[in-house]
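*Asks:* Below you'll find the structure I mean.
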Amino acid sequence: MSMSDASMITRAPTHEASFGDYFALLKPRVMSLVVFTAMVGLFAAPMPVHPMVAFSSILFIAIGGGASGALNMWWDADIDAIMRRTRSRPIPSGKVTPEDAKAIGIALSGFSIVMLALASNLFAAGLLAFTIFFYVVIYTVWLKRWTPQNIVIGGAAGAFPPMIGWAVATGGISLESVLMFALIFVWTPPHFWALALFMRNDYDDAKVPMLTVTHGRRSTRNHILGYTLVLAAVAVGAGYTSLGGPAYVAVAVVLNIAFIKGAVDIWRRDETDSEADDFKVERRFFKLSLAYLFLHFGAILTDPLLAQLFGGTL
Amino acid sequence: MSFDRQHEIHTRRFGRNLGVAAVLLGLVAIVFGLTVVKVTHVEFEVPSAEASQ
């Protein structure tokens with residue numbers, strides 16, 4: 001059996017898809033991050049938003065994020081079939097056809113943009129449209145298979161949701177929303193490069209030019225440390241704008257010390273050390289990176305919440 | 001071609017139809033809710049051409 005026969009079989013639908021298979025196209029785990037960060041952006045903004053408008057807007061932002069996920073799965077079905085981490089996704093596992101994924105992605109993109117414009121404002125809808133375009137065309141189609149900086153630039157797509165949330169409330173952009181964007185943007189490279197270190201040959205097999213493949217694993221460790229230091233400056237710096245307060249600064253200082261320590265630990269190791277303990281430090285850093293983002297965005301909401309509870313005495 | 005007994009595919013299709021129904025009902029509820037909020041909001045204005053009719 002030739003390679004093309006094998007790939008045709010892999011991509012042919014083996015059974016009729018269930019509702020859950022279509023839902024899986026929307027990358028629910030990424031969607032939950034989109035919902036959370038967009039919600040923080042919306043509630044951190046100085047303008048009050050009606051709960052119904054807030055709920056609907058976050059839902060439409062999430063649908064837009066899901067739509068771009070479906071279009072990403074459609075375009076990357078060949079890569080997903082090779083990598084262990086993505087092999088069970090709906091298209092490579094033969095549950096949904098690539099054409100269906102494309103149709104769902106395009107339909108939901110249009111739907112989410114129009115509905116967000118109706119629910120909130122044109123600026124927020126425009127930002128959502130740009131985010132979908134950026135993730136699908138700039139990242140997925142253009143950069144992912146072309147440059148080892150794919151993760152750096154692609155990270156911008158994941159960084160837009162809090163800005164969109166902020167735009168829903170204010171109708172524009174401000175320093176605070178740019179800082180929330182920067183927080184996710186600079187966080188993304190160390191997060192994904194740590195994953196690339198312990199997922200080993202996945203990206204190599206799929207011919208995706210990850211930094212680990214093009215510049216080597218030593219260089220990846222250096223890059224993780226570099227970006228982590230920049231991230232600490234952005235995260236702590238944000239505490240001195242209206243985003244921050246005593247609770248945020250305290251959380252940011254503690255988390256960034258832990259994150260820098262993790263990055264230094266990765267930087268000091270070589271492949272022999274990592275293989276000896278099955279990438280324990282890299283795996284721990286990856287897990288910490290998830291908690292890092294969640295806690296930072298949680299902390300952004302903590303100060304206004306405390307101020308409201310204690311009547312603005314903080 | 002028809003199946004005499006309830007086939008697994010029927011269960012899956014039923015689940016899918018139920019999912020689509022829930023999504024559509026949710027959409028109707030959201031559009032209705034949003035409309036109520038928008039038209040009862042203080043900034044809501046009927047376009048002048050329609051108001052004069």
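Note on naming: chains are A, B, ... as they come in the structure tokens, residues start from 1 per chain, ligands start from 1 in the order shown.
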Return as a Markdown table the residues of chain A lying at most 12 Å from chain B, together with the closest atom-to-atom pair for each and the distance in Å to one decimal, counting only C-alpha atoms, with rows in chain order and ascending residue number.

*Replies:*
| residue | atom | partner | partner_atom | distance |
| --- | --- | --- | --- | --- |
| A:His15 | CA | B:Ile9 | CA | 8.9 |
| A:Glu16 | CA | B:Ile9 | CA | 7.6 |
| A:Ala17 | CA | B:Arg12 | CA | 7.9 |
| A:Ser18 | CA | B:Arg16 | CA | 5.7 |
| A:Phe19 | CA | B:Arg16 | CA | 4.6 |
| A:Gly20 | CA | B:Arg16 | CA | 8.1 |
| A:Asp21 | CA | B:Arg16 | CA | 9.7 |
| A:Tyr22 | CA | B:Arg16 | CA | 9.4 |
| A:Phe23 | CA | B:Gly19 | CA | 9.9 |
| A:Val49 | CA | B:Val37 | CA | 11.2 |
| A:His50 | CA | B:Val37 | CA | 8.0 |
| A:Pro51 | CA | B:Val37 | CA | 9.5 |
| A:Met52 | CA | B:Leu34 | CA | 6.5 |
| A:Val53 | CA | B:Leu34 | CA | 6.6 |
| A:Ala54 | CA | B:Leu34 | CA | 10.1 |
| A:Phe55 | CA | B:Ile30 | CA | 9.2 |
| A:Ser56 | CA | B:Ile30 | CA | 6.9 |
| A:Ser57 | CA | B:Leu34 | CA | 10.1 |
| A:Leu59 | CA | B:Ile30 | CA | 9.9 |
| A:Phe60 | CA | B:Ile30 | CA | 10.7 |
| A:Phe111 | CA | B:Leu27 | CA | 11.3 |
| A:Ser112 | CA | B:Leu27 | CA | 11.7 |
| A:Met115 | CA | B:Val31 | CA | 9.1 |
| A:Leu116 | CA | B:Leu34 | CA | 11.1 |
| A:Leu118 | CA | B:Leu34 | CA | 9.0 |
| A:Ala119 | CA | B:Leu34 | CA | 6.9 |
| A:Ser120 | CA | B:Lys38 | CA | 10.0 |

*Asks:* Quick one: residues within 12 Å of Ser174 in chain A, only C-alpha atoms, excluding same-chain residues fewer than 4 positions away - as a ChimeraX atom specification?

*Replies:* /A:41,44-46,162-164,166-167,169-170,178-181,241-243

*Asks:* What gap, in Å, lies between CA of Phe286 in chain A and CA of Pro304 in chain A?

*Replies:*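 Taking CA of Phe286 in chain A and CA of Pro304 in chain A, their separation equals 29.3 Å.
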
*Asks:* As a PyMOL selection string, please: the residues near Phe297 in chain A (cut-off 8 Å, only C-alpha atoms, same-chain neighbours under 4 positions excluded).

*Replies:* chain A and resi 37+40+293+301

*Asks:* Write to file, as a short mmCIF file (atom, residue, chain, number, x, y, z; two decimals), in the first residue's frame, the residues of the selection just made, with N, CA and C atoms.

*Replies:*
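The result, stored in result-v5.cif:
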data_model
loop_
_atom_site.label_atom_id
_atom_site.label_comp_id
_atom_site.auth_asym_id
_atom_site.auth_seq_id
_atom_site.Cartn_x
_atom_site.Cartn_y
_atom_site.Cartn_z
N THR A 37 -10.36 34.51 29.31
CA THR A 37 -9.60 35.75 29.13
C THR A 37 -10.48 36.88 28.57
N VAL A 40 -12.40 38.27 31.49
CA VAL A 40 -11.58 39.15 32.32
C VAL A 40 -11.43 40.51 31.63
N LEU A 293 -1.07 31.52 33.70
CA LEU A 293 -1.98 32.38 32.94
C LEU A 293 -3.33 32.51 33.64
N LEU A 301 -8.97 40.44 38.01
CA LEU A 301 -10.34 40.70 38.49
C LEU A 301 -10.42 40.81 40.01
#

*Asks:* Contacts of Leu290 in chain A at 12 Å or less, counting only C-alpha atoms, minus same-chain residues fewer than 6 places along, as JSON, numbers by chain?

*Replies:* {"A": [29, 30, 33, 184, 187, 188, 190, 191, 192, 194, 195, 255, 259, 283, 284, 296, 297]}

*Asks:* Would you mind exporting C-alpha atoms of the selected residues as a PDB file, in the first residue's frame?

*Replies:*
ATOM      1  CA  ARG A  29     -10.097  23.440  25.702  1.00  0.00           C
ATOM      2  CA  VAL A  30      -8.782  26.433  23.749  1.00  0.00           C
ATOM      3  CA  LEU A  33      -9.236  29.829  27.697  1.00  0.00           C
ATOM      4  CA  ILE A 184      -0.622  36.139  26.591  1.00  0.00           C
ATOM      5  CA  TRP A 187       3.560  33.768  27.629  1.00  0.00           C
ATOM      6  CA  THR A 188       2.811  31.616  24.553  1.00  0.00           C
ATOM      7  CA  PRO A 190       7.791  29.471  26.617  1.00  0.00           C
ATOM      8  CA  HIS A 191       4.536  27.520  27.107  1.00  0.00           C
ATOM      9  CA  PHE A 192       4.716  25.834  23.676  1.00  0.00           C
ATOM     10  CA  ALA A 194       8.385  23.542  26.866  1.00  0.00           C
ATOM     11  CA  LEU A 195       5.768  21.263  25.274  1.00  0.00           C
ATOM     12  CA  LEU A 255       4.190  33.602  40.076  1.00  0.00           C
ATOM     13  CA  PHE A 259       8.223  30.881  36.521  1.00  0.00           C
ATOM     14  CA  ARG A 283       6.698  18.917  32.164  1.00  0.00           C
ATOM     15  CA  ARG A 284       6.457  20.744  35.501  1.00  0.00           C
ATOM     16  CA  HIS A 296      -2.740  36.168  36.410  1.00  0.00           C
ATOM     17  CA  PHE A 297      -6.057  36.782  34.693  1.00  0.00           C
TER      18      PHE A 297
END

*Asks:* Nearest to Met39 in chain A: which of A:Pro161, A:Gly244, A:Gly171, A:Pro189 is it, counting only C-alpha atoms?

*Replies:*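 Among A:Pro161, A:Gly244, A:Gly171, A:Pro189, it is A:Pro161 that comes nearest to Met39 in chain A.
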
*Asks:* Please report the interatomic distance between CA of Gly65 in chain A and CA of Ser109 in chain A in Å with one decimal.

*Replies:*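 These two atoms are separated by 8.3 Å.
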
*Asks:* What is the CA of Val249 in chain A-CA of Val168 in chain A distance in Å, reported with one decimal?

*Replies:*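 According to the coordinates, CA of Val249 in chain A and CA of Val168 in chain A are separated by 25.9 Å.
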
*Asks:* Of the candidates A:Val186, A:Val254, A:Leu25, A:Asp100, which shows the shortest atom-to-atom distance to Val234 in chain A, using only C-alpha atoms?

*Replies:* A:Val186

*Asks:* Might you pull out every residue within 6 Å of range 155-157 of chain A, with only C-alpha atoms counted and same-chain residues fewer than 3 positions away left off, and present them as a list in words?

*Replies:*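 Listed by chain and then number, they are Thr131, Tyr135, Ile151, Val152, Phe160, Phe185 and Thr188 of chain A.
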
*Asks:* With distances taken over only C-alpha atoms, which of A:Leu108, A:Val251, A:Ala307, A:Ile266 is nearest to Ala235 in chain A?

*Replies:*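 So, comparing all the options, the nearest one is A:Val251.
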